[in-house]
Number of protein chains: 2
Amino acid sequence: MKKVSDPTVSRLSLYLRILSELQEQGQSTVSSDELARRGGTTAAQVRKDLSFFGTFGKRGLGYGVPDLVAKLRSILGLERRWRVALVGVGKIGAALLGYQDFRRQGFYVEAVFDADPGKIGQRWDGLEVRSAADMEAVLREQEIDIVIVAVPADAAQGVVDRAVRAGVRGILNFAPTKLHVPPHVTLRSVNMTVELEGLSYALSNGEREAAGRRRGVGCDRS
Amino acid sequence: MKKVSDPTVSRLSLYLRILSELQEQGQSTVSSDELARRGGTTAAQVRKDLSFFGTFGKRGLGYGVPDLVAKLRSILGLERRWRVALVGVGKIGAALLGYQDFRRQGFYVEAVFDADPGKIGQRWDGLEVRSAADMEAVLREQEIDIVIVAVPADAAQGVVDRAVRAGVRGILNFAPTKLHVPPHVTLRSVNMTVELEGLSYALSNGEREAAGRRRGVGCDRS
DNA sequence: GTTGATTTGTGAAACTGTTCACAAGATGCC
DNA sequence: GGCATCTTGTGAACAGTTTCACAAATCAAC
């Protein structure tokens, strides 16, 4: 199990979602071709992605759905509980707190911080908003694994630096700015502005022709 | 100006953000090296990205900041006003409505829809929530360019299909599901679950070693 | 047990995106 | 003007990902 590319990992996540649906519907087996059609990729890609981690299918038959769900959950590290902290209870932070879907996948928000004295002490979803000043101590104390950054752009790097100092090794950034972390920390960013501007570019220029014809189906570069 | 890759377009968006900051600070000129350092990429990459669209720099001197800002805004299609509609006023939708930053870049939310009768007629930020049943007619009438999908996963594909039928050519999806669109429509997706699971994978497996050392700086694959 | 219809797993080929390396243009100084 | 220094623009080399193509495994039917 050497180096697996980022797009591959994202697709595993997608496969898992599709497989979970199939499992709910009681389907017991699935082919790489069906998985590919539902996931907007190709059968060869599906098989190659899975082959990095072992051989899970049966030739002539396909993949066992519950079996593959279990394997993917194990590969993605979703069998354990992840301790998450949220920093910034503005619009986006509040929305994330309300979005309970995370919990189903094992991500538990266990601490919430904000710099605004007016918000400190408020309760959100059973959690007391704590002062950003206490962040490092609390992150250590509660052994937080992942920090979600939902503060204004100019405060984001500071939050990241302090989280890293407190031993956090995973960061999910919603602030519209590029962040820098040391090599042992993994950073993922969600940037709505970049996505919107990507749409703007595609709609302005003749992308609709070029991109569409490369493959038969529409072009989701999620 | 042939086919430009998606990562390149995303980086242009990033460069524009950095340049805007530099402009506010009154810096008149910038080198590809400085832009690269701030953007977490390499000088060669910056120059290659820009070279797809023309030659904007002066050798020995760098790029004129206000000049490059103008060029990038033009390339990305940000000189016009984009008409945006939001579908779904749940937690995420409400957060997006409150997030006024879009407007500064020329994206104006001009219509809001929801399927819940209890929400129809409510006002959000000066806009009346309209019935999802009227969506197609309103999208056409108001000449909406881009639809933001913020509904539950199982409703998302239906919303997309109707938006496409109403002539919309750009879709930004926040629902945690893979969507399919015809070739002439551009789709971008923001999927927090995929990002979190990517973190989970990286933290579970030995990614911290491998990924970090490839380059000197931390690894943001935003 | 043999045949036929499937479908996986995977090396090799094709493709796409990134990095390198350097010639050429620009400026400033003597 | 000539020389030293800087920084861009870009073809070529490189690296990484995706697609192709096919041998091997499995099953059902006869």
# chains A, B, ... in the order shown; residues from 1 in each chain; ligands from 1
$ residues_around --residues "segment 35-38 of chain A" --least-positions-apart "2" --cutoff "12 Å" --atoms "only C-alpha atoms (C1' of nucleotides)" --output "PyMOL selection string"
(chain A and resi 11-12+14-22+29-33+40-50+62-65+68+216-217) or (chain B and resi 177-180)
$ select_by_dssp --residues "segment 69-202 of chain B" --states "strand (DSSP E)" --output "ChimeraX atom specification"
/B:82-87,107-114,123-124,127-131,146-149,170-173,186-189
$ closest_residue --among "A:Pro152, A:Gly39, A:Thr186, A:Ile92" --to "Asn205 of chain B" --atoms "only C-alpha atoms"
A:Thr186
$ atom_distance --atom1 "atom CA of Leu203 of chain A" --atom2 "atom CA of Trp82 of chain B"
10.1 Å
$ residues_around --residues "Ser5 of chain A" --least-positions-apart "4" --cutoff "9 Å" --atoms "only C-alpha atoms (C1' of nucleotides)" --output "short mmCIF file (atom, residue, chain, number, x, y, z; two decimals) with C-alpha atoms (C1' of nucleotides), in the first residue's frame"
data_model
loop_
_atom_site.label_atom_id
_atom_site.label_comp_id
_atom_site.auth_asym_id
_atom_site.auth_seq_id
_atom_site.Cartn_x
_atom_site.Cartn_y
_atom_site.Cartn_z
CA VAL A 9 -9.30 8.81 -2.22
CA SER A 10 -12.10 11.22 -3.13
"C1'" DG D 16 1.39 11.25 -12.43
"C1'" DT D 17 -3.31 9.66 -13.86
#
$ atom_distance --atom1 "atom CA of Ala153 of chain B" --atom2 "atom CA of Phe174 of chain B"
8.9 Å
$ select_by_dssp --residues "segment 54-134 of chain B" --states "helix (DSSP H, G or I)" --output "list in words"
Val65, Pro66, Asp67, Leu68, Val69, Ala70, Lys71, Leu72, Arg73, Ser74, Ile75, Lys91, Ile92, Gly93, Ala94, Ala95, Leu96, Leu97, Gly98, Asp101, Phe102, Arg103, Arg104, Ala132, Ala133 and Asp134 of chain B
$ interface_residues --of "chain C" --to "chain A" --cutoff "8 Å" --atoms "only C-alpha atoms (C1' of nucleotides)" --output "list in words"
DT6, DT7, DT8 and DG9 of chain C
$ write_last_selection --atoms "C-alpha atoms (C1' of nucleotides)" --output "mmCIF file, in the first residue's frame"
data_model
loop_
_atom_site.group_PDB
_atom_site.id
_atom_site.type_symbol
_atom_site.label_atom_id
_atom_site.label_comp_id
_atom_site.auth_asym_id
_atom_site.auth_seq_id
_atom_site.Cartn_x
_atom_site.Cartn_y
_atom_site.Cartn_z
ATOM 1 C "C1'" DT C 6 -19.490 -12.452 -17.450
ATOM 2 C "C1'" DT C 7 -16.516 -9.485 -14.997
ATOM 3 C "C1'" DT C 8 -12.276 -8.722 -12.377
ATOM 4 C "C1'" DG C 9 -7.256 -7.425 -11.948
#
$ residues_around --residues "DG28 of chain C" --least-positions-apart "2" --cutoff "10 Å" --atoms "only C-alpha atoms (C1' of nucleotides)" --output "PDB file with N, CA and C atoms (P, O5', C5', C4', C3', O3' and C1' of nucleotides), in the first residue's frame"
ATOM      1  P    DA C  26      11.230  44.448 -23.831  1.00  0.00           P
ATOM      2  O5'  DA C  26      11.803  44.916 -22.422  1.00  0.00           O
ATOM      3  C5'  DA C  26      11.083  44.582 -21.240  1.00  0.00           C
ATOM      4  C4'  DA C  26      11.929  44.941 -20.047  1.00  0.00           C
ATOM      5  C3'  DA C  26      12.429  46.392 -20.037  1.00  0.00           C
ATOM      6  O3'  DA C  26      11.763  47.075 -18.982  1.00  0.00           O
ATOM      7  C1'  DA C  26      14.127  44.837 -19.386  1.00  0.00           C
ATOM      8  P    DC C  30      27.306  52.986  -9.783  1.00  0.00           P
ATOM      9  O5'  DC C  30      28.538  53.049 -10.773  1.00  0.00           O
ATOM     10  C5'  DC C  30      29.167  51.822 -11.153  1.00  0.00           C
ATOM     11  C4'  DC C  30      29.868  51.996 -12.493  1.00  0.00           C
ATOM     12  C3'  DC C  30      30.728  53.255 -12.582  1.00  0.00           C
ATOM     13  O3'  DC C  30      32.064  52.882 -12.878  1.00  0.00           O
ATOM     14  C1'  DC C  30      29.381  52.995 -14.523  1.00  0.00           C
TER      15       DC C  30
ATOM     16  P    DA D   4      30.178  41.911 -16.545  1.00  0.00           P
ATOM     17  O5'  DA D   4      29.058  42.078 -15.412  1.00  0.00           O
ATOM     18  C5'  DA D   4      29.096  43.205 -14.544  1.00  0.00           C
ATOM     19  C4'  DA D   4      27.831  43.211 -13.707  1.00  0.00           C
ATOM     20  C3'  DA D   4      27.357  41.820 -13.283  1.00  0.00           C
ATOM     21  O3'  DA D   4      26.939  41.863 -11.927  1.00  0.00           O
ATOM     22  C1'  DA D   4      25.651  42.883 -14.520  1.00  0.00           C
ATOM     23  P    DT D   5      26.319  40.552 -11.208  1.00  0.00           P
ATOM     24  O5'  DT D   5      24.760  40.880 -11.213  1.00  0.00           O
ATOM     25  C5'  DT D   5      24.298  42.187 -10.839  1.00  0.00           C
ATOM     26  C4'  DT D   5      22.795  42.240 -11.011  1.00  0.00           C
ATOM     27  C3'  DT D   5      22.084  40.966 -10.572  1.00  0.00           C
ATOM     28  O3'  DT D   5      21.064  41.305  -9.657  1.00  0.00           O
ATOM     29  C1'  DT D   5      21.367  41.610 -12.724  1.00  0.00           C
TER      30       DT D   5
END
$ residues_around --residues "DA12 of chain D" --least-positions-apart "2" --cutoff "12 Å" --atoms "only C-alpha atoms (C1' of nucleotides)" --output "list in words"
DT19, DC20, DA21 and DC22 of chain C; DT10 and DC14 of chain D
$ interface_residues --of "chain D" --to "chain B" --cutoff "12 Å" --atoms "only C-alpha atoms (C1' of nucleotides)" --output "compact mmCIF listing (two decimals) with N, CA and C atoms (P, O5', C5', C4', C3', O3' and C1' of nucleotides), in the first residue's frame"
# COMPACT_ATOMS: atom_id res chain seq x y z
P DT D 5 26.32 40.55 -11.21
O5' DT D 5 24.76 40.88 -11.21
C5' DT D 5 24.30 42.19 -10.84
C4' DT D 5 22.79 42.24 -11.01
C3' DT D 5 22.08 40.97 -10.57
O3' DT D 5 21.06 41.30 -9.66
C1' DT D 5 21.37 41.61 -12.72
P DC D 6 20.35 40.15 -8.78
O5' DC D 6 18.91 40.13 -9.48
C5' DC D 6 18.16 41.35 -9.56
C4' DC D 6 17.13 41.22 -10.65
C3' DC D 6 16.15 40.04 -10.46
O3' DC D 6 14.90 40.59 -10.09
C1' DC D 6 16.82 40.36 -12.75
P DT D 7 13.76 39.61 -9.55
O5' DT D 7 13.02 39.24 -10.90
C5' DT D 7 12.34 40.24 -11.62
C4' DT D 7 11.79 39.61 -12.87
C3' DT D 7 11.03 38.30 -12.61
O3' DT D 7 9.81 38.34 -13.29
C1' DT D 7 12.59 38.02 -14.31
P DT D 8 8.72 37.17 -13.14
O5' DT D 8 8.29 37.06 -14.67
C5' DT D 8 7.94 38.23 -15.38
C4' DT D 8 8.19 38.03 -16.85
C3' DT D 8 7.28 36.98 -17.50
O3' DT D 8 6.69 37.55 -18.65
C1' DT D 8 9.57 36.47 -17.92
P DG D 9 5.37 36.90 -19.28
O5' DG D 9 5.98 35.85 -20.29
C5' DG D 9 6.60 36.33 -21.46
C4' DG D 9 7.11 35.17 -22.29
C3' DG D 9 6.07 34.09 -22.60
O3' DG D 9 6.28 33.71 -23.95
C1' DG D 9 7.93 33.11 -21.54
P DT D 10 5.38 32.67 -24.67
O5' DT D 10 6.26 31.35 -24.66
C5' DT D 10 7.46 31.28 -25.40
C4' DT D 10 8.08 29.91 -25.20
C3' DT D 10 7.08 28.75 -25.29
O3' DT D 10 7.69 27.70 -26.02
C1' DT D 10 8.29 28.58 -23.32
P DG D 11 7.03 27.31 -27.42
O5' DG D 11 7.88 26.02 -27.81
C5' DG D 11 9.18 26.18 -28.30
C4' DG D 11 10.11 25.18 -27.65
C3' DG D 11 9.71 23.72 -27.87
O3' DG D 11 10.89 22.99 -28.18
C1' DG D 11 9.87 24.17 -25.54
$ residues_around --residues "segment 189-198 of chain A" --least-positions-apart "3" --cutoff "6 Å" --atoms "only C-alpha atoms (C1' of nucleotides)" --output "ChimeraX atom specification"
/A:172-174,176,201 /B:10,13,222
$ closest_residue --among "B:Gln157, B:Gln105, B:Ser131, B:Gln122" --to "chain A" --atoms "only C-alpha atoms"
B:Gln105
$ atom_distance --atom1 "atom CA of Val112 of chain A" --atom2 "atom CA of Arg162 of chain A"
14.8 Å
$ residues_around --residues "DG11 of chain C" --least-positions-apart "4" --cutoff "12 Å" --atoms "only C-alpha atoms (C1' of nucleotides)" --output "PDB file with N, CA and C atoms (P, O5', C5', C4', C3', O3' and C1' of nucleotides), in the first residue's frame"
ATOM      1  N   LYS A  48      -9.263   0.033 -10.879  1.00  0.00           N
ATOM      2  CA  LYS A  48      -7.908   0.489 -10.547  1.00  0.00           C
ATOM      3  C   LYS A  48      -7.881   1.116  -9.148  1.00  0.00           C
TER       4      LYS A  48
ATOM      5  P    DC D  20     -10.584   4.207 -23.432  1.00  0.00           P
ATOM      6  O5'  DC D  20      -9.561   3.021 -23.719  1.00  0.00           O
ATOM      7  C5'  DC D  20      -8.261   3.359 -24.154  1.00  0.00           C
ATOM      8  C4'  DC D  20      -7.433   2.109 -24.423  1.00  0.00           C
ATOM      9  C3'  DC D  20      -8.226   0.923 -24.946  1.00  0.00           C
ATOM     10  O3'  DC D  20      -7.453   0.362 -25.985  1.00  0.00           O
ATOM     11  C1'  DC D  20      -7.026   0.295 -23.002  1.00  0.00           C
ATOM     12  P    DA D  21      -8.037  -0.706 -26.989  1.00  0.00           P
ATOM     13  O5'  DA D  21      -7.438  -2.065 -26.443  1.00  0.00           O
ATOM     14  C5'  DA D  21      -6.038  -2.153 -26.190  1.00  0.00           C
ATOM     15  C4'  DA D  21      -5.721  -3.516 -25.591  1.00  0.00           C
ATOM     16  C3'  DA D  21      -6.638  -4.648 -26.091  1.00  0.00           C
ATOM     17  O3'  DA D  21      -5.861  -5.817 -26.107  1.00  0.00           O
ATOM     18  C1'  DA D  21      -6.871  -4.461 -23.786  1.00  0.00           C
ATOM     19  P    DC D  22      -6.222  -7.017 -27.091  1.00  0.00           P
ATOM     20  O5'  DC D  22      -5.862  -8.241 -26.156  1.00  0.00           O
ATOM     21  C5'  DC D  22      -4.730  -8.161 -25.295  1.00  0.00           C
ATOM     22  C4'  DC D  22      -4.997  -8.941 -24.020  1.00  0.00           C
ATOM     23  C3'  DC D  22      -5.871 -10.198 -24.219  1.00  0.00           C
ATOM     24  O3'  DC D  22      -5.322 -11.244 -23.468  1.00  0.00           O
ATOM     25  C1'  DC D  22      -6.680  -8.925 -22.470  1.00  0.00           C
ATOM     26  P    DA D  23      -5.242 -12.750 -24.054  1.00  0.00           P
ATOM     27  O5'  DA D  23      -4.464 -13.540 -22.932  1.00  0.00           O
ATOM     28  C5'  DA D  23      -3.384 -12.926 -22.217  1.00  0.00           C
ATOM     29  C4'  DA D  23      -3.533 -13.180 -20.716  1.00  0.00           C
ATOM     30  C3'  DA D  23      -3.938 -14.602 -20.364  1.00  0.00           C
ATOM     31  O3'  DA D  23      -3.309 -14.971 -19.144  1.00  0.00           O
ATOM     32  C1'  DA D  23      -5.583 -13.124 -19.575  1.00  0.00           C
TER      33       DA D  23
END
